[in-house]
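S.K.: I have a structure here, written as structure tokens, and I will follow up with some questions on it.
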Amino acid sequence: MHKLICTLSLLVLSATLVSAQQYDLVFQGGRVMDPETGLDAVRNLGIRDGKIVRISADPLTGRRVVNAAGLVVAPGFIDLHQHGQDLASQRVKALDGVTTALELEIGAPDVAAFLKAKQGTSLINYGSAASHVAARALAFGTPLSGIDILPKSGDATNLPAAPEQLAKMKQRLYSELDAGGLAVGMGIQYVPGATRSEVIDVFRLAASRGLPVYTHVRSAGRGEPGSSIESVSEVIGAAAISGASLHIVHINSSCGFDALECLSMIEGARARGLDVTTEAYPYIAGMTAINSALFNPGWQQKLGISYDSIMLPETGERLTKERFDELHNSTTTHFVVTFTNTQELIDKIIPNPLIMIASDGLEGHPRNAGTYSRVLARYVREKGTISLMDALRKMTLMPAEMLERSTPAARHMGRLQEGADADIVVFDPATIADHATFKDPMLPSVGVHYLVVGGTVVVDDGKIVPDVFPGRALLGPGAASVMHN
Ligand SMILES: [Zn+2]
């Protein structure tokens, strides 16, 4: 008996020692940076069971110890605005430092189907808004098919909704929020038939659930009516009327040459106590579907561009009137690149303290693969217009705080702190760079040495680890419980 107790206590003792000292994974001697606490020091990082358990100057032991000397260890980047949810896109995102990529601008057309398809098959964390454009298409009797997130131009995009259609739309949005939608996504420019009153109604619906609205505003360009200034005023007004938090996506493309004025409008709204945030991506061209309502008649005057500002990404072909008409009327959805901004202006927008970095990523545009590395290379290293810590803040803490409006799970994201989720990027600040171009948009970035999602290594020594799918679902409060894997 005595002997048994001795053996048992030895076992307990050794188990305790192992659990106190042994981590699943240790990053040793990296430059650990956390935008919330301001920590910027050489530290060792111990990870266990998907969490950051220990950050210490003392040596740590682990099942695997990775030397991170000379590398930055930061929270994984959170992309609030990612359309390409396929594995190819997720791989280039991972190599760009992204651990979470959410479809919030528009939203998947069917949140439950989206979540089901991603479960156990996702490299990085995922989630979706409830889609206003999809709810509208459904209410008009022309539901979106397959993986399309944008409706083709037609009655469901161009006509005002009758009262029963509006009621149907709202019913669908509520059920999409119940399925786990993190917010309401409103691509107002893609449904020009939506009246101001419909927009306010949908903001009220989001507010009734305490959730934010992410929006692509009604219009871009300088001509009145229909300027970007008017469009930003519309959604700031709807936020003020309803009380819903508002996130205006890609202010670089939505406001074009008036982006700095739009930023000062947001600053003013915030100073008056409204919860308005925004984001940008670091490229001079946008990308969209050529058969969408964005290209309804009059688009040249409205957007201030012509046929030759539009490019087919696969071939680099610039369009003519004949070619445009052919693609616009085609039943297949073609995505086109639209050159609508200048480098000088983008260089002023990105460093603005209100700007979060979000990619609006999809295959065919280099922002899918290069957004985050491009900011670190161009603005932090080459131009020196943003400090490394501020750039990380735009990519981690600011989007995490935005997500906290939707889910308490986000409190453990975007931070490099003990108790936070082990979503981590380890990169070389001296070499990190984007390689994707308009000609070769899926070329991965370089400089990310390691990427960890929920404690699982998905980029190891600069290479994607095959067959690991640790991505977790982020769910809004409507879903019964938080799913994992
Ligand atoms: Zn958009």
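Chain identifiers are assigned as A, B, and so on, following the order in which chains appear in the structure tokens; residues are numbered from 1 within each chain, and ligands are numbered from 1 in order of appearance.
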Can you pull out every residue from region 142-304 of chain A that DSSP, working from the backbone, puts in helix (DSSP H, G or I), and format the result as a ChimeraX atom specification?
M.R.: /A:155-158,163-178,188-190,196-208,228-242,251-271,293-295,299-303
S.K.: Neighbours of ligand 1 within 8 Å, counting only C-alpha atoms and all ligand atoms, as a PyMOL selection string?
M.R.: chain A and resi 105-106+187+215-216+249-250+254+288+360
S.K.: Suppose you want the space between CA of Gly273 (chain A) and CA of Ile349 (chain A); what is it in Å?
M.R.: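 For CA of Gly273 (chain A) relative to CA of Ile349 (chain A), the distance reads 22.7 Å.
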S.K.: Which one is closest to Leu345 (chain A): A:Asp423, A:Asp201, A:Asp258, A:Glu317? Count only C-alpha atoms.
M.R.: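 Counting only C-alpha atoms, the residue closest to Leu345 (chain A) is A:Asp258.
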S.K.: Could you make a table, as a tab-separated table, of the residues of region 324-431 of chain A that have an atom within 12 Å of an atom of region 298-307 of chain A, each with its nearest atom pair and distance in Å to one decimal, counting only C-alpha atoms, in chain and number order?
M.R.:
```
residue	atom	partner	partner_atom	distance
A:Phe324	CA	A:Tyr307	CA	7.2
A:Asp325	CA	A:Tyr307	CA	10.2
A:Leu327	CA	A:Tyr307	CA	12.0
A:His328	CA	A:Tyr307	CA	11.8
A:Val336	CA	A:Tyr307	CA	11.1
A:Val337	CA	A:Tyr307	CA	11.2
A:Thr338	CA	A:Ile305	CA	8.5
A:Phe339	CA	A:Ile305	CA	8.0
A:Thr340	CA	A:Ile305	CA	7.1
A:Asn341	CA	A:Ile305	CA	10.2
```
S.K.: Do you have, as CSV, the list of residues of region 167-282 of chain A lying at most 12 Å from region 92-103 of chain A, each with its nearest atom pair and that distance in Å to one decimal, counting only C-alpha atoms and ordered by chain then number?
M.R.:
```
residue,atom,partner,partner_atom,distance
A:Gly181,CA,A:Glu103,CA,9.9
A:Leu182,CA,A:Leu102,CA,9.4
A:Ala183,CA,A:Glu103,CA,10.1
A:Val184,CA,A:Glu103,CA,10.7
A:Gly185,CA,A:Glu103,CA,8.7
A:Met186,CA,A:Glu103,CA,11.6
A:Tyr214,CA,A:Glu103,CA,10.1
A:Thr215,CA,A:Glu103,CA,11.8
A:Val249,CA,A:Glu103,CA,11.6
```
S.K.: Grab the CA of Gly223 (chain A) to CA of Leu159 (chain A) distance for me, in Å with one decimal place.
M.R.: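 Between these atoms lies a distance of 22.2 Å.
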S.K.: Of the residues A:Asp275, A:Asp148, A:Glu176, A:Asp440, which is the one nearest to His132 (chain A), using only C-alpha atoms?
M.R.: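 Closest residue, counting only C-alpha atoms: A:Glu176.
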S.K.: As a ChimeraX atom specification, which residues of region 236-433 of chain A does DSSP assign to strand (DSSP E or B)?
M.R.: /A:246-248,276-280,285-289,310-311,318,335-339,355-357,361,421,424-427,433
S.K.: Just how far from CA of Gly414 (chain A) is CA of Gly76 (chain A), in Å to one decimal?
M.R.: 6.7 Å
S.K.: With distances taken over only C-alpha atoms, which of A:Ile124, A:Ile266, A:Leu71, A:Met398 is nearest to Arg91 (chain A)?
M.R.: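 Using only C-alpha atoms, Arg91 (chain A) sits closest to A:Ile124.
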S.K.: Which is closest to Gly107 (chain A) among A:Leu80, A:Val426, A:Ala400, A:Leu319, if we use only C-alpha atoms?
M.R.: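 Of all the options, A:Leu80 lies closest to Gly107 (chain A).
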S.K.: Given the choices A:Thr407, A:Ser253, A:Gln171, A:Thr61, which gets closest to Pro212 (chain A) if the distance is worked out from only C-alpha atoms?
M.R.: A:Thr407
S.K.: Can you tell me, as a ChimeraX atom specification, what residues are no more than 10 Å from Thr121 (chain A) when counting only C-alpha atoms, ignoring any on the same chain fewer than 6 positions away?
M.R.: /A:86-87,467-472,485
S.K.: Excluding Gly419 (chain A) and any residue of its chain fewer than 2 positions from it, enumerate the residues within 7 Å of it, using only C-alpha atoms, and give them as a PyMOL selection string.
M.R.: chain A and resi 51-53+417+421
S.K.: Using only C-alpha atoms, determine which residues lie at most 6 Å from His83 (chain A), disregarding the query and same-chain residues fewer than 2 positions distant; provide the list as a list in words.
M.R.: Gln85, Glu103, Gly361 and Leu362 of chain A
S.K.: Convert the current residue selection to file output with C-alpha atoms, as a PDB file, in the first residue's frame.
M.R.:
```pdb
ATOM      1  CA  GLN A  85     -12.811  31.751 -49.005  1.00  0.00           C
ATOM      2  CA  GLU A 103     -16.652  37.795 -45.283  1.00  0.00           C
ATOM      3  CA  GLY A 361      -9.390  39.870 -51.239  1.00  0.00           C
ATOM      4  CA  LEU A 362     -10.477  37.638 -54.083  1.00  0.00           C
TER       5      LEU A 362
END
```
S.K.: Env of Gly364 (chain A): 12 Å cut, atoms = only C-alpha atoms, seq-sep filter 2 positions within chain, self excluded. Answer as a CSV table (one decimal) with N, CA, C and O atoms, in the first residue's frame.
M.R.:
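See around_26.csv below for the written result:
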```csv
chain,number,residue,atom,x,y,z
A,83,HIS,N,-13.3,38.1,-49.5
A,83,HIS,CA,-14.3,37.3,-50.3
A,83,HIS,C,-13.8,35.9,-50.7
A,83,HIS,O,-14.6,35.0,-50.6
A,84,GLY,N,-12.6,35.8,-51.1
A,84,GLY,CA,-12.1,34.5,-51.6
A,84,GLY,C,-11.9,33.6,-50.3
A,84,GLY,O,-11.0,33.7,-49.5
A,88,ALA,N,-7.1,27.9,-51.9
A,88,ALA,CA,-6.0,28.6,-52.6
A,88,ALA,C,-5.8,30.1,-52.1
A,88,ALA,O,-4.7,30.5,-51.8
A,89,SER,N,-7.0,30.7,-51.8
A,89,SER,CA,-6.9,32.1,-51.3
A,89,SER,C,-6.4,32.0,-49.8
A,89,SER,O,-5.6,32.8,-49.4
A,285,ALA,N,-6.1,50.2,-57.7
A,285,ALA,CA,-7.2,49.7,-58.5
A,285,ALA,C,-8.1,48.8,-57.6
A,285,ALA,O,-7.7,48.2,-56.7
A,286,GLY,N,-9.4,48.8,-58.0
A,286,GLY,CA,-10.4,47.9,-57.4
A,286,GLY,C,-10.7,46.8,-58.2
A,286,GLY,O,-10.1,46.6,-59.3
A,287,MET,N,-11.7,45.9,-57.8
A,287,MET,CA,-12.1,44.8,-58.6
A,287,MET,C,-13.6,44.5,-58.3
A,287,MET,O,-14.0,44.6,-57.2
A,288,THR,N,-14.3,44.2,-59.3
A,288,THR,CA,-15.7,43.9,-59.1
A,288,THR,C,-16.3,43.2,-60.3
A,288,THR,O,-15.6,43.0,-61.3
A,289,ALA,N,-17.5,42.7,-60.1
A,289,ALA,CA,-18.2,41.9,-61.2
A,289,ALA,C,-18.8,42.9,-62.3
A,289,ALA,O,-19.5,43.8,-62.0
A,311,MET,N,-9.9,46.5,-66.7
A,311,MET,CA,-8.9,45.5,-67.2
A,311,MET,C,-9.5,44.1,-66.9
A,311,MET,O,-10.0,43.9,-65.8
A,312,LEU,N,-9.3,43.2,-67.8
A,312,LEU,CA,-9.6,41.8,-67.5
A,312,LEU,C,-8.3,41.2,-66.8
A,312,LEU,O,-7.3,41.2,-67.4
A,313,PRO,N,-8.4,40.7,-65.6
A,313,PRO,CA,-7.2,40.3,-64.9
A,313,PRO,C,-6.5,39.1,-65.5
A,313,PRO,O,-5.3,39.0,-65.4
A,314,GLU,N,-7.2,38.2,-66.2
A,314,GLU,CA,-6.6,37.0,-66.7
A,314,GLU,C,-5.6,37.3,-67.8
A,314,GLU,O,-4.6,36.7,-68.0
A,315,THR,N,-5.9,38.4,-68.6
A,315,THR,CA,-5.1,38.6,-69.8
A,315,THR,C,-4.5,40.0,-69.8
A,315,THR,O,-3.6,40.3,-70.6
A,316,GLY,N,-4.9,40.9,-68.9
A,316,GLY,CA,-4.4,42.3,-68.9
A,316,GLY,C,-5.1,43.1,-69.9
A,316,GLY,O,-4.7,44.3,-70.1
A,334,HIS,N,-17.9,37.9,-65.0
A,334,HIS,CA,-16.5,38.1,-65.1
A,334,HIS,C,-16.1,39.2,-64.1
A,334,HIS,O,-16.8,40.2,-64.0
A,335,PHE,N,-15.0,39.0,-63.4
A,335,PHE,CA,-14.5,40.0,-62.5
A,335,PHE,C,-13.5,40.9,-63.3
A,335,PHE,O,-12.7,40.4,-64.0
A,336,VAL,N,-13.6,42.2,-63.1
A,336,VAL,CA,-12.7,43.1,-63.8
A,336,VAL,C,-12.0,44.0,-62.8
A,336,VAL,O,-12.5,44.3,-61.7
A,337,VAL,N,-10.8,44.5,-63.2
A,337,VAL,CA,-10.0,45.4,-62.3
A,337,VAL,C,-10.3,46.8,-62.8
A,337,VAL,O,-10.3,47.1,-64.0
A,338,THR,N,-10.6,47.7,-61.9
A,338,THR,CA,-10.9,49.1,-62.2
A,338,THR,C,-9.9,50.0,-61.6
A,338,THR,O,-9.8,50.1,-60.4
A,360,ASP,N,-10.2,43.1,-48.9
A,360,ASP,CA,-11.2,42.9,-49.9
A,360,ASP,C,-10.8,41.9,-50.9
A,360,ASP,O,-11.0,41.9,-52.1
A,361,GLY,N,-10.1,40.8,-50.4
A,361,GLY,CA,-9.4,39.9,-51.2
A,361,GLY,C,-10.3,38.9,-52.0
A,361,GLY,O,-11.3,38.4,-51.5
A,362,LEU,N,-9.9,38.7,-53.3
A,362,LEU,CA,-10.5,37.6,-54.1
A,362,LEU,C,-9.5,37.3,-55.2
A,362,LEU,O,-8.6,38.2,-55.5
A,366,PRO,N,-4.2,41.5,-56.8
A,366,PRO,CA,-3.0,41.2,-55.9
A,366,PRO,C,-3.3,41.4,-54.4
A,366,PRO,O,-2.6,40.9,-53.6
A,367,ARG,N,-4.4,42.2,-54.1
A,367,ARG,CA,-4.7,42.5,-52.7
A,367,ARG,C,-5.0,41.2,-52.0
A,367,ARG,O,-4.9,41.1,-50.7
A,368,ASN,N,-5.5,40.2,-52.7
A,368,ASN,CA,-5.8,38.9,-52.1
A,368,ASN,C,-4.5,38.3,-51.4
A,368,ASN,O,-4.6,37.8,-50.2
A,369,ALA,N,-3.4,38.4,-52.1
A,369,ALA,CA,-2.2,37.7,-51.6
A,369,ALA,C,-1.2,38.7,-50.9
A,369,ALA,O,-0.4,38.3,-50.1
A,370,GLY,N,-1.3,40.0,-51.2
A,370,GLY,CA,-0.2,40.9,-50.9
A,370,GLY,C,-0.5,42.0,-49.9
A,370,GLY,O,0.4,42.7,-49.5
A,436,ALA,N,2.7,39.7,-55.2
A,436,ALA,CA,1.6,39.6,-56.2
A,436,ALA,C,1.5,40.9,-57.0
A,436,ALA,O,1.7,42.0,-56.4
A,437,THR,N,1.2,40.8,-58.2
A,437,THR,CA,1.0,41.9,-59.1
A,437,THR,C,-0.4,41.8,-59.9
A,437,THR,O,-1.0,40.7,-59.8
A,438,PHE,N,-0.8,42.8,-60.6
A,438,PHE,CA,-2.0,42.6,-61.4
A,438,PHE,C,-1.8,41.6,-62.5
A,438,PHE,O,-2.8,40.9,-62.9
A,439,LYS,N,-0.6,41.4,-62.9
A,439,LYS,CA,-0.3,40.3,-63.9
A,439,LYS,C,-0.3,39.0,-63.3
A,439,LYS,O,-0.7,38.0,-63.9
A,440,ASP,N,0.3,38.9,-62.1
A,440,ASP,CA,0.5,37.6,-61.4
A,440,ASP,C,-0.1,37.7,-60.0
A,440,ASP,O,0.7,37.8,-59.0
A,441,PRO,N,-1.4,37.8,-59.9
A,441,PRO,CA,-2.0,38.2,-58.6
A,441,PRO,C,-2.0,37.2,-57.5
A,441,PRO,O,-2.2,37.5,-56.3
A,442,MET,N,-1.7,35.9,-57.8
A,442,MET,CA,-1.6,34.9,-56.7
A,442,MET,C,-0.2,34.6,-56.2
A,442,MET,O,0.0,33.6,-55.5
A,443,LEU,N,0.8,35.4,-56.6
A,443,LEU,CA,2.1,35.1,-56.1
A,443,LEU,C,2.2,35.4,-54.7
A,443,LEU,O,1.8,36.5,-54.2
```
S.K.: For Arg204 (chain A), list every protein, DNA or RNA residue within 8 Å, evaluated using only C-alpha atoms, and leave out those in the same chain fewer than 4 positions away; present the list as a list in words.
M.R.: Ile200, Ser208, Ser242, Gly243 and Ala244 of chain A
S.K.: Between A:Leu397, A:Ala69, A:Leu138, A:Val459, single out the one closest to Ala410 (chain A), counting only C-alpha atoms.
M.R.: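 Smallest distance to Ala410 (chain A) is found for A:Leu397.
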